[in-house]
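Chemist: Compact mmCIF, C-alpha atoms, saved as protein.txt, coming up:
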# COMPACT_ATOMS: atom_id res chain seq x y z
CA MET A 142 99.26 127.20 -125.65
CA ILE A 143 97.93 126.15 -129.07
CA SER A 144 96.90 129.09 -131.26
CA PRO A 145 93.51 129.18 -133.05
CA PHE A 146 95.35 128.87 -136.38
CA THR A 147 97.07 125.65 -135.26
CA LYS A 148 93.80 124.23 -133.96
CA ARG A 149 92.04 124.90 -137.24
CA LEU A 150 94.94 123.43 -139.22
CA LEU A 151 95.16 120.25 -137.14
CA ALA A 152 91.38 119.84 -137.20
CA ASN A 153 91.55 119.54 -140.97
CA LYS A 154 92.09 115.81 -141.53
CA GLY A 155 93.49 116.24 -145.03
CA ALA A 156 95.98 118.90 -143.93
CA PHE A 157 96.97 116.82 -140.89
CA PHE A 158 97.61 113.78 -143.10
CA GLY A 159 99.63 115.91 -145.52
CA LEU A 160 101.66 117.44 -142.70
CA ILE A 161 102.50 114.02 -141.21
CA LEU A 162 103.52 112.69 -144.62
CA ILE A 163 105.74 115.73 -145.26
CA LEU A 164 107.40 115.43 -141.84
CA LEU A 165 108.08 111.71 -142.44
CA SER A 166 109.52 112.55 -145.86
CA MET A 167 111.82 115.14 -144.30
CA LEU A 168 113.08 112.61 -141.74
CA LEU A 169 113.69 110.11 -144.55
CA ALA A 170 115.52 112.75 -146.58
CA VAL A 171 117.85 113.60 -143.69
CA PHE A 172 118.58 110.05 -142.50
CA CYS A 173 118.11 108.18 -145.80
CA TYR A 174 121.64 106.74 -145.83
CA PHE A 175 121.16 105.30 -142.35
CA ILE A 176 117.75 103.80 -143.22
CA SER A 177 118.26 102.48 -146.75
CA PRO A 178 119.37 98.85 -147.18
CA ASP A 179 122.05 100.07 -149.61
CA PRO A 180 124.03 102.87 -147.91
CA SER A 181 126.51 103.32 -150.77
CA PRO A 182 126.70 106.80 -152.38
CA ASN A 183 123.53 107.33 -154.48
CA ALA A 184 122.52 103.72 -153.65
CA ASN A 185 124.50 102.75 -156.72
CA ARG A 186 125.53 99.18 -155.77
CA MET A 187 125.26 97.34 -159.09
CA ILE A 188 124.83 93.56 -159.24
CA PRO A 189 123.96 92.90 -162.91
CA GLU A 190 123.15 89.22 -162.34
CA ILE A 191 120.05 90.11 -160.30
CA GLY A 192 118.78 92.93 -162.53
CA SER A 193 115.04 93.57 -162.96
CA LYS A 194 113.88 91.26 -160.17
CA LYS A 195 110.36 91.48 -158.77
CA PRO A 196 109.51 92.79 -155.28
CA GLY A 197 110.35 90.35 -152.50
CA PHE A 198 113.27 88.76 -154.36
CA THR A 199 115.68 87.09 -151.92
CA ILE A 200 119.26 86.08 -152.69
CA GLN A 201 122.46 85.17 -150.86
CA LEU A 202 125.38 87.56 -151.48
CA LEU A 203 129.04 86.63 -151.11
CA ARG A 204 131.05 89.59 -149.81
CA MET A 205 134.49 89.80 -151.42
CA LYS A 206 137.02 92.25 -149.96
CA ARG A 207 138.09 95.06 -152.28
CA ASP A 208 141.75 95.84 -152.95
CA LYS A 209 141.11 99.50 -152.15
CA VAL A 210 141.19 100.40 -148.46
CA VAL A 211 138.05 102.33 -147.53
CA MET A 212 138.54 104.93 -144.82
CA ALA A 213 135.92 105.13 -142.10
CA LYS A 214 133.67 108.17 -142.39
CA GLY A 215 132.30 110.34 -139.63
CA PHE A 216 128.62 110.77 -138.84
CA PHE A 217 128.05 113.89 -140.95
CA ALA A 218 129.99 112.53 -143.93
CA ARG A 219 127.81 109.41 -143.87
CA LEU A 220 124.72 111.56 -143.41
CA LEU A 221 125.50 113.56 -146.56
CA ASN A 222 127.06 111.02 -148.92
CA GLY A 223 126.61 107.54 -147.50
CA THR A 224 129.36 104.95 -147.05
CA GLU A 225 131.74 103.89 -149.78
CA GLU A 226 131.56 100.21 -150.67
CA SER A 227 134.04 97.96 -148.81
CA TYR A 228 133.02 94.75 -150.56
CA GLN A 229 132.16 93.35 -153.95
CA TYR A 230 128.86 91.47 -153.82
CA ILE A 231 128.43 88.21 -155.76
CA PRO A 232 125.03 86.46 -155.82
CA VAL A 233 125.31 82.78 -154.89
CA THR A 234 122.92 79.86 -154.50
CA THR A 235 125.09 77.57 -152.31
CA TYR A 236 128.55 77.68 -150.78
CA ARG A 237 130.86 75.49 -148.67
CA VAL A 238 134.25 75.81 -147.03
CA ALA A 239 136.99 73.49 -148.40
CA GLY A 240 140.26 73.97 -146.51
CA ASP A 241 141.58 77.47 -147.21
CA SER A 242 139.08 77.98 -150.02
CA LEU A 243 135.42 78.83 -150.24
CA VAL A 244 133.59 77.03 -153.06
CA TYR A 245 130.33 78.58 -154.24
CA ARG A 246 127.82 78.38 -157.06
CA LYS A 247 127.44 81.82 -158.59
CA PHE A 248 123.91 82.87 -159.57
CA VAL A 249 124.00 83.88 -163.25
CA ASP A 250 120.30 83.84 -164.15
CA GLU A 251 117.16 81.88 -163.30
CA GLY A 252 118.19 78.21 -163.40
CA ILE A 253 121.78 79.03 -164.43
CA THR A 254 124.69 78.79 -161.99
CA GLU A 255 128.48 78.59 -162.21
CA THR A 256 130.86 76.90 -159.77
CA LYS A 257 133.80 79.00 -158.55
CA ALA A 258 136.26 79.08 -155.65
CA VAL A 259 138.06 81.86 -153.78
CA ALA A 260 140.54 82.02 -150.91
CA ARG A 261 138.89 82.37 -147.51
CA ALA A 262 141.19 85.28 -146.73
CA SER A 263 139.65 87.29 -149.57
CA VAL A 264 136.11 87.22 -148.16
CA SER A 265 134.62 89.06 -145.20
CA ASP A 266 133.25 87.68 -141.97
CA PRO A 267 130.48 86.61 -142.36
CA ALA A 268 131.28 85.62 -145.92
CA VAL A 269 127.67 85.32 -147.10
CA ILE A 270 124.64 87.40 -146.18
CA THR A 271 121.00 86.95 -147.18
CA ARG A 272 119.36 89.98 -148.74
CA THR A 273 115.69 90.60 -149.57
CA TYR A 274 114.82 93.28 -152.13
CA TYR A 275 111.41 94.39 -150.93
CA LEU A 276 110.66 96.52 -154.02
CA GLY A 277 112.81 94.54 -156.42
CA THR A 278 115.87 95.62 -158.41
CA ASP A 279 116.29 97.78 -161.49
CA GLN A 280 117.96 96.70 -164.73
CA PHE A 281 121.43 97.21 -163.21
CA GLY A 282 120.67 95.16 -160.10
CA ARG A 283 120.34 98.18 -157.80
CA ASP A 284 117.91 98.16 -154.89
CA ILE A 285 114.75 100.08 -155.83
CA LEU A 286 113.81 100.73 -152.18
CA SER A 287 117.18 102.33 -151.39
CA ARG A 288 117.09 104.55 -154.48
CA LEU A 289 113.51 105.50 -153.69
CA LEU A 290 114.48 106.59 -150.16
CA ILE A 291 117.46 108.64 -151.34
CA GLY A 292 115.31 110.14 -154.11
CA VAL A 293 113.19 111.80 -151.38
CA ARG A 294 116.17 114.07 -150.70
CA VAL A 295 116.33 115.18 -154.33
CA SER A 296 112.61 115.96 -154.58
CA LEU A 297 112.43 117.87 -151.30
CA SER A 298 115.68 119.75 -152.00
CA VAL A 299 114.49 120.88 -155.43
CA GLY A 300 111.12 121.89 -153.99
CA LEU A 301 112.66 123.84 -151.10
CA ILE A 302 115.27 125.77 -153.11
CA ALA A 303 112.87 126.43 -155.99
CA VAL A 304 110.24 127.81 -153.59
CA LEU A 305 112.81 130.02 -151.83
CA ILE A 306 113.98 131.43 -155.18
CA SER A 307 110.43 131.98 -156.41
CA LEU A 308 109.34 133.60 -153.13
CA THR A 309 112.33 135.93 -153.07
CA ILE A 310 111.84 137.19 -156.63
CA GLY A 311 108.04 137.18 -156.48
CA ILE A 312 107.74 139.02 -153.16
CA ILE A 313 110.26 141.72 -154.14
CA LEU A 314 108.76 142.44 -157.57
CA GLY A 315 105.15 142.08 -156.40
CA ALA A 316 105.67 144.34 -153.39
CA LEU A 317 107.39 147.03 -155.48
CA ALA A 318 104.67 146.93 -158.14
CA GLY A 319 101.79 147.02 -155.66
CA TYR A 320 103.24 149.67 -153.35
CA PHE A 321 104.65 152.23 -155.79
CA LYS A 322 102.20 151.61 -158.68
CA GLY A 323 102.72 153.91 -161.66
CA TRP A 324 105.49 153.11 -164.12
CA ILE A 325 107.06 150.55 -161.77
CA ASP A 326 103.81 148.59 -161.70
CA ASP A 327 103.51 148.82 -165.49
CA LEU A 328 107.08 147.60 -165.98
CA VAL A 329 106.76 144.68 -163.55
CA MET A 330 103.39 143.64 -164.97
CA TRP A 331 104.79 143.76 -168.52
CA PHE A 332 107.66 141.50 -167.43
CA ILE A 333 105.23 139.15 -165.64
CA ASN A 334 103.01 138.92 -168.72
CA VAL A 335 106.00 138.15 -170.95
CA VAL A 336 107.17 135.33 -168.67
CA TRP A 337 103.57 134.15 -168.19
CA SER A 338 103.13 133.78 -171.97
CA ILE A 339 106.00 131.27 -172.24
CA PRO A 340 105.06 127.64 -171.47
CA THR A 341 106.65 126.56 -168.20
CA LEU A 342 108.44 123.49 -169.54
CA LEU A 343 109.75 125.43 -172.55
CA LEU A 344 111.16 128.11 -170.24
CA VAL A 345 112.68 125.45 -167.97
CA PHE A 346 114.29 123.78 -171.00
CA ALA A 347 115.80 127.09 -172.12
CA ILE A 348 117.23 127.85 -168.66
CA THR A 349 118.48 124.27 -168.23
CA LEU A 350 120.21 124.31 -171.61
CA ALA A 351 121.81 127.66 -170.74
CA LEU A 352 123.01 126.54 -167.30
CA GLY A 353 123.71 122.90 -168.20
CA LYS A 354 122.28 119.64 -166.93
CA GLY A 355 122.65 118.64 -163.30
CA PHE A 356 121.39 118.67 -159.74
CA TRP A 357 122.00 122.32 -158.88
CA GLN A 358 120.90 123.63 -162.26
CA VAL A 359 117.44 122.13 -161.72
CA PHE A 360 117.02 124.22 -158.56
CA ILE A 361 117.64 127.47 -160.41
CA ALA A 362 115.68 126.52 -163.53
CA VAL A 363 112.55 125.53 -161.60
CA GLY A 364 112.78 128.49 -159.20
CA LEU A 365 113.12 131.04 -162.01
CA THR A 366 109.92 129.82 -163.63
CA MET A 367 107.66 129.79 -160.55
CA TRP A 368 107.95 133.35 -159.25
CA VAL A 369 105.23 134.75 -161.54
CA ASN A 370 102.31 133.37 -159.49
CA VAL A 371 103.88 134.72 -156.31
CA ALA A 372 104.46 138.18 -157.81
CA ARG A 373 100.86 138.48 -159.06
CA LEU A 374 99.46 137.41 -155.71
CA VAL A 375 101.72 139.70 -153.67
CA ARG A 376 100.98 142.67 -155.95
CA GLY A 377 97.22 142.24 -155.48
CA GLN A 378 97.55 141.90 -151.70
CA VAL A 379 99.84 144.93 -151.41
CA LEU A 380 97.48 147.05 -153.55
CA ALA A 381 94.69 146.31 -151.06
CA VAL A 382 96.74 146.72 -147.87
CA ARG A 383 98.51 149.97 -148.87
CA GLU A 384 95.20 151.85 -148.76
CA LEU A 385 94.39 150.89 -145.17
CA GLU A 386 94.49 153.43 -142.33
CA TYR A 387 97.52 152.06 -140.49
CA ILE A 388 99.65 152.35 -143.64
CA GLU A 389 98.52 155.97 -144.05
CA ALA A 390 99.45 156.56 -140.40
CA ALA A 391 102.90 155.06 -141.00
CA ARG A 392 103.43 157.43 -143.94
CA ALA A 393 102.28 160.36 -141.83
CA LEU A 394 104.84 159.45 -139.16
CA GLY A 395 107.58 159.68 -141.79
CA TYR A 396 108.54 156.01 -141.98
CA THR A 397 110.61 155.04 -145.01
CA HIS A 398 109.08 153.05 -147.85
CA LEU A 399 111.36 150.11 -147.03
CA ARG A 400 110.19 150.03 -143.41
CA ILE A 401 106.53 150.29 -144.36
CA ILE A 402 106.84 147.41 -146.86
CA THR A 403 108.92 145.09 -144.69
CA LYS A 404 107.50 145.86 -141.24
CA HIS A 405 103.86 146.71 -141.89
CA ILE A 406 102.72 145.28 -145.23
CA LEU A 407 104.53 141.97 -145.82
CA PRO A 408 103.82 140.45 -142.35
CA ASN A 409 100.11 141.00 -142.99
CA ILE A 410 100.02 139.19 -146.33
CA LEU A 411 102.04 136.12 -145.37
CA GLY A 412 98.91 133.93 -145.18
CA PRO A 413 98.22 133.83 -148.93
CA VAL A 414 101.97 133.59 -149.61
CA MET A 415 102.24 130.46 -147.43
CA VAL A 416 99.38 128.86 -149.35
CA ILE A 417 100.93 129.51 -152.76
CA ALA A 418 104.33 128.37 -151.44
CA ALA A 419 102.84 124.96 -150.59
CA SER A 420 101.29 124.78 -154.05
CA ASN A 421 104.59 125.76 -155.70
CA PHE A 422 106.41 123.11 -153.66
CA ALA A 423 104.17 120.43 -155.19
CA SER A 424 104.59 121.91 -158.68
CA ALA A 425 108.39 121.97 -158.30
CA ILE A 426 108.44 118.25 -157.44
CA VAL A 427 106.40 117.43 -160.55
CA ILE A 428 108.52 119.67 -162.80
CA GLU A 429 111.76 118.16 -161.48
CA ALA A 430 110.43 114.65 -162.07
CA GLY A 431 109.41 115.65 -165.59
CA LEU A 432 112.82 117.15 -166.35
CA SER A 433 114.63 114.09 -165.04
CA PHE A 434 112.33 111.83 -167.05
CA LEU A 435 113.19 113.79 -170.19
CA GLY A 436 116.91 113.58 -169.41
CA VAL A 437 117.63 117.26 -168.72
CA GLY A 438 117.29 117.17 -164.93
CA VAL A 439 119.18 115.15 -162.33
CA GLN A 440 121.84 113.03 -164.04
CA PRO A 441 122.75 109.36 -163.33
CA PRO A 442 123.78 107.78 -161.05
CA GLN A 443 122.08 110.21 -158.66
CA PRO A 444 118.63 108.80 -157.87
CA SER A 445 115.62 110.88 -158.86
CA TRP A 446 112.07 109.60 -158.98
CA GLY A 447 111.58 110.95 -162.49
CA LEU A 448 114.85 109.38 -163.62
CA MET A 449 113.83 106.04 -162.07
CA ILE A 450 110.59 106.11 -164.07
CA LYS A 451 112.56 106.88 -167.25
CA GLU A 452 114.94 103.97 -166.65
CA ASN A 453 112.17 101.47 -165.92
CA TYR A 454 108.98 102.64 -167.66
CA ASN A 455 109.33 99.97 -170.37
CA PHE A 456 108.75 97.33 -167.66
CA ILE A 457 105.19 98.63 -167.05
CA ILE A 458 103.82 96.54 -169.92
CA THR A 459 106.14 93.59 -169.27
CA HIS A 460 106.78 91.31 -166.33
CA ASN A 461 107.74 93.84 -163.64
CA PRO A 462 105.65 97.05 -163.56
CA ALA A 463 106.62 97.79 -159.93
CA LEU A 464 109.98 99.21 -161.08
CA ALA A 465 108.27 102.27 -162.58
CA LEU A 466 105.09 102.30 -160.48
CA ALA A 467 106.96 102.64 -157.15
CA PRO A 468 108.56 106.06 -157.91
CA GLY A 469 105.32 107.16 -159.60
CA VAL A 470 103.31 106.41 -156.46
CA ALA A 471 105.97 108.21 -154.35
CA ILE A 472 105.63 111.36 -156.51
CA MET A 473 101.83 111.17 -156.27
CA LEU A 474 101.83 110.85 -152.47
CA LEU A 475 104.29 113.69 -151.87
CA VAL A 476 102.51 116.06 -154.27
CA LEU A 477 99.16 115.13 -152.71
CA ALA A 478 100.58 115.87 -149.23
CA PHE A 479 101.65 119.39 -150.21
CA ASN A 480 98.34 120.10 -151.95
CA LEU A 481 96.39 118.91 -148.90
CA LEU A 482 98.58 121.06 -146.63
CA GLY A 483 98.06 124.06 -148.92
CA ASN A 484 94.28 123.63 -148.78
CA GLY A 485 94.45 123.32 -145.00
CA LEU A 486 96.56 126.47 -144.70
CA ARG A 487 94.11 128.34 -146.92
CA ASP A 488 91.18 127.41 -144.69
CA ALA A 489 93.05 127.94 -141.40
CA LEU A 490 94.38 131.36 -142.42
CA ASN A 491 90.96 132.55 -143.66
CA VAL A 492 92.40 133.57 -146.98
CA ARG A 493 88.90 133.72 -148.45
CA GLY A 494 87.45 135.40 -145.38
CA ARG A 495 85.42 134.11 -142.44
CA ASP A 496 81.96 135.15 -141.37
Would it be possible to restate this file's structure as structure tokens?
Modeler:
Amino acid sequence: MISPFTKRLLANKGAFFGLILILLSMLLAVFCYFISPDPSPNANRMIPEIGSKKPGFTIQLLRMKRDKVVMAKGFFARLLNGTEESYQYIPVTTYRVAGDSLVYRKFVDEGITETKAVARASVSDPAVITRTYYLGTDQFGRDILSRLLIGVRVSLSVGLIAVLISLTIGIILGALAGYFKGWIDDLVMWFINVVWSIPTLLLVFAITLALGKGFWQVFIAVGLTMWVNVARLVRGQVLAVRELEYIEAARALGYTHLRIITKHILPNILGPVMVIAASNFASAIVIEAGLSFLGVGVQPPQPSWGLMIKENYNFIITHNPALALAPGVAIMLLVLAFNLLGNGLRDALNVRGRD
């Protein structure tokens, strides 16, 4: 049976749209290597001859066998890291079979080709495939669509881990400050005010420089800067709830402070915490994109939407703005989805009260 909370949430069109978009993003993040046209690790198949092509670019690719034998991967290995390249891809305009050789005209640039020949035994079956790059290629000839799909995993992973870190620290410190008050409250609030006074990006830079650049470091850096909002909210909620009659009754029955906080107070303030968690998720995605754009976040060749904008933003004012606009639109849609869901949760949970 559907609860009143679920009915109110699903009745909110904005929240419903955000929820659908988030669920689709999660499915893409999990199965991105099975969906993306380029299933190589990090979608890092480079074909320099077709770099910076516009959306809808179509080319024939000759598949040359590699000397290295690629071992077949299992389902979960492919799910996590994709499939290692078995072929070298060469863009061609025409080709023909001549005895034991395959003669082709290699695509070098627009209007420029080069005639070459290879042994038929060195190519795959089929030797040539036709490939359409629906969102174009970046300056290295990598498929923008594939890197965009795999970049969903980075954004959602950073958001999830950062929110978990911020919730853990914020709930613990906020609950302690609100429940015990006194010197504990003063100490926690002093610490919150100190962290609050430091600009978020500056604090993230400091943590990133201390921990180093990379994928996992971004999780920690973003999470350690987002707990302040959670702690302030939890403290205010706990201060209000601790004075209610059922908390006084729990104290009178001799329950421990830990049991009162975890069993009786925290479950009753989860509504506002869920709302701020959705907001922090959106903020974490934006911060991660900003860090990657500035070069201190996710490092190449791992695809990140912010890193993709950094690599291609100079094309905005030239012939191919889609290279930078595509990841920008993806960031906008995902952040909008979490903000819409947060607003829907706020209304459905009656955080501001209901008549």
Chemist: At what distance in Å, to one decimal, does atom CA of A:Asn222 lie from atom CA of A:Tyr275?
Modeler: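 Pair atom CA of A:Tyr275 / atom CA of A:Asn222 returns 22.9 Å.
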Chemist: Find the residues with any atom within 12 Å of (110.1, 106.8, -167.3); use all atoms listed in the file and the coordinates as given in the file, and write the answer as an NGL selection string.
Modeler: :A and (430-436 or 445-457 or 462 or 464-469)
Chemist: For stretch 391-401 of chain A, please output as a PyMOL selection string all residues within 10 Å (counting only C-alpha atoms; exclusion window: fewer than 6 positions along the same chain).
Modeler: chain A and resi 317+320-321+383+407
Chemist: Excluding A:Gly300 and its own-chain neighbours fewer than 2 positions away, which residues fall within 8 Å of it when counting only C-alpha atoms? Please give them as JSON, numbers by chain.
Modeler: {"A": [296, 297, 298, 302, 303, 304, 360, 421, 422, 423, 425, 426]}
Chemist: Go ahead and compute the interatomic distance for atom CA of A:Ile348 and atom CA of A:Ala362, in Å to one decimal.
Modeler: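 Between atom CA of A:Ile348 and atom CA of A:Ala362 the gap works out to 5.5 Å.
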Chemist: Can you work out the spacing between atom CA of A:Cys173 and atom CA of A:Pro444 in Å, to one decimal?
Modeler: 12.1 Å
Chemist: For stretch 298-313 of chain A, what centre and edge lengths in Å (one decimal) does the axis-aligned box get once 5 Å is added on each side of all its listed atoms, as JSON?
Modeler:
{"center_x": 111.7, "center_y": 130.7, "center_z": -153.9, "size_x": 17.9, "size_y": 32.0, "size_z": 15.5}
Chemist: Kindly indicate which residue among A:Val414, A:Thr459, A:Leu380, A:Gly192 lies nearest to A:Lys322, using only C-alpha atoms for the distances.
Modeler: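 For A:Lys322, the nearest of the given residues is A:Leu380.
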Chemist: So which residues are close to (98.9, 147.7, -154.3), meaning at most 12 Å away in the file's coordinates with all atoms listed in the file counted, and can you show them as a JSON list (two decimals) with C-alpha atoms, keeping the file's coordinate frame?
Modeler:
[["chain", "number", "residue", "atom", "x", "y", "z"],
["A", 314, "LEU", "CA", 108.76, 142.44, -157.57],
["A", 315, "GLY", "CA", 105.15, 142.08, -156.40],
["A", 316, "ALA", "CA", 105.67, 144.34, -153.39],
["A", 317, "LEU", "CA", 107.39, 147.03, -155.48],
["A", 318, "ALA", "CA", 104.67, 146.93, -158.14],
["A", 319, "GLY", "CA", 101.79, 147.02, -155.66],
["A", 320, "TYR", "CA", 103.24, 149.67, -153.35],
["A", 321, "PHE", "CA", 104.65, 152.23, -155.79],
["A", 322, "LYS", "CA", 102.20, 151.61, -158.68],
["A", 323, "GLY", "CA", 102.72, 153.91, -161.66],
["A", 325, "ILE", "CA", 107.06, 150.55, -161.77],
["A", 326, "ASP", "CA", 103.81, 148.59, -161.70],
["A", 372, "ALA", "CA", 104.46, 138.18, -157.81],
["A", 373, "ARG", "CA", 100.86, 138.48, -159.06],
["A", 374, "LEU", "CA", 99.46, 137.41, -155.71],
["A", 375, "VAL", "CA", 101.72, 139.70, -153.67],
["A", 376, "ARG", "CA", 100.98, 142.67, -155.95],
["A", 377, "GLY", "CA", 97.22, 142.24, -155.48],
["A", 378, "GLN", "CA", 97.55, 141.90, -151.70],
["A", 379, "VAL", "CA", 99.84, 144.93, -151.41],
["A", 380, "LEU", "CA", 97.48, 147.05, -153.55],
["A", 381, "ALA", "CA", 94.69, 146.31, -151.06],
["A", 382, "VAL", "CA", 96.74, 146.72, -147.87],
["A", 383, "ARG", "CA", 98.51, 149.97, -148.87],
["A", 384, "GLU", "CA", 95.20, 151.85, -148.76],
["A", 385, "LEU", "CA", 94.39, 150.89, -145.17],
["A", 388, "ILE", "CA", 99.65, 152.35, -143.64],
["A", 402, "ILE", "CA", 106.84, 147.41, -146.86],
["A", 406, "ILE", "CA", 102.72, 145.28, -145.23],
["A", 407, "LEU", "CA", 104.53, 141.97, -145.82],
["A", 410, "ILE", "CA", 100.02, 139.19, -146.33]]
Chemist: Determine the nearest neighbour of A:Val249 from the options A:Ile312, A:Ile231, A:Met212, A:Met205, counting only C-alpha atoms.
Modeler: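 That would be A:Ile231, the residue with the smallest distance to A:Val249.
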Chemist: Please provide the set of residues having any atom within 7 Å of A:Thr224, restricted to all atoms listed in the file, with same-chain residues fewer than 2 positions apart removed, written as a PDB file with C-alpha atoms, in the coordinates of the input.
Modeler:
ATOM      1  CA  PRO A 180     124.030 102.870-147.910  1.00  0.00           C
ATOM      2  CA  SER A 181     126.510 103.320-150.770  1.00  0.00           C
ATOM      3  CA  PRO A 182     126.700 106.800-152.380  1.00  0.00           C
ATOM      4  CA  ARG A 219     127.810 109.410-143.870  1.00  0.00           C
ATOM      5  CA  ASN A 222     127.060 111.020-148.920  1.00  0.00           C
ATOM      6  CA  GLU A 226     131.560 100.210-150.670  1.00  0.00           C
TER       7      GLU A 226
END
Chemist: From the coordinates supplied, stretch 187-203 of chain A should be written with N, CA and C atoms, as an mmCIF file, in the first residue's frame.
Modeler:
data_model
loop_
_atom_site.group_PDB
_atom_site.id
_atom_site.type_symbol
_atom_site.label_atom_id
_atom_site.label_comp_id
_atom_site.auth_asym_id
_atom_site.auth_seq_id
_atom_site.Cartn_x
_atom_site.Cartn_y
_atom_site.Cartn_z
ATOM 1 N N MET A 187 41.590 6.254 -28.664
ATOM 2 C CA MET A 187 42.041 7.457 -29.366
ATOM 3 C C MET A 187 42.258 7.170 -30.854
ATOM 4 N N ILE A 188 41.652 7.997 -31.679
ATOM 5 C CA ILE A 188 41.859 7.946 -33.136
ATOM 6 C C ILE A 188 42.149 9.383 -33.570
ATOM 7 N N PRO A 189 43.407 9.816 -33.495
ATOM 8 C CA PRO A 189 43.731 11.243 -33.703
ATOM 9 C C PRO A 189 43.251 11.807 -35.027
ATOM 10 N N GLU A 190 43.167 10.962 -36.076
ATOM 11 C CA GLU A 190 42.778 11.468 -37.391
ATOM 12 C C GLU A 190 41.358 12.037 -37.411
ATOM 13 N N ILE A 191 40.495 11.595 -36.504
ATOM 14 C CA ILE A 191 39.109 12.065 -36.513
ATOM 15 C C ILE A 191 38.835 12.931 -35.285
ATOM 16 N N GLY A 192 39.854 13.639 -34.799
ATOM 17 C CA GLY A 192 39.677 14.493 -33.631
ATOM 18 C C GLY A 192 38.817 15.712 -33.920
ATOM 19 N N SER A 193 38.045 16.114 -32.897
ATOM 20 C CA SER A 193 37.230 17.345 -32.937
ATOM 21 C C SER A 193 36.208 17.348 -34.063
ATOM 22 N N LYS A 194 35.542 16.222 -34.276
ATOM 23 C CA LYS A 194 34.501 16.149 -35.302
ATOM 24 C C LYS A 194 33.145 16.521 -34.701
ATOM 25 N N LYS A 195 32.272 17.053 -35.529
ATOM 26 C CA LYS A 195 30.966 17.512 -35.077
ATOM 27 C C LYS A 195 30.007 16.339 -34.842
ATOM 28 N N PRO A 196 28.941 16.574 -34.075
ATOM 29 C CA PRO A 196 27.953 15.508 -33.834
ATOM 30 C C PRO A 196 27.390 14.950 -35.137
ATOM 31 N N GLY A 197 27.223 13.627 -35.171
ATOM 32 C CA GLY A 197 26.695 12.958 -36.348
ATOM 33 C C GLY A 197 27.756 12.537 -37.341
ATOM 34 N N PHE A 198 29.021 12.741 -37.018
ATOM 35 C CA PHE A 198 30.111 12.376 -37.927
ATOM 36 C C PHE A 198 30.146 10.857 -38.107
ATOM 37 N N THR A 199 30.200 10.415 -39.353
ATOM 38 C CA THR A 199 30.221 8.983 -39.674
ATOM 39 C C THR A 199 31.496 8.654 -40.441
ATOM 40 N N ILE A 200 32.123 7.537 -40.068
ATOM 41 C CA ILE A 200 33.380 7.130 -40.703
ATOM 42 C C ILE A 200 33.463 5.607 -40.703
ATOM 43 N N GLN A 201 34.188 5.055 -41.675
ATOM 44 C CA GLN A 201 34.481 3.630 -41.691
ATOM 45 C C GLN A 201 35.793 3.387 -40.941
ATOM 46 N N LEU A 202 35.830 2.338 -40.116
ATOM 47 C CA LEU A 202 37.012 2.039 -39.319
ATOM 48 C C LEU A 202 37.522 0.636 -39.665
ATOM 49 N N LEU A 203 38.789 0.573 -40.040
ATOM 50 C CA LEU A 203 39.449 -0.708 -40.293
ATOM 51 C C LEU A 203 39.969 -1.251 -38.969
#
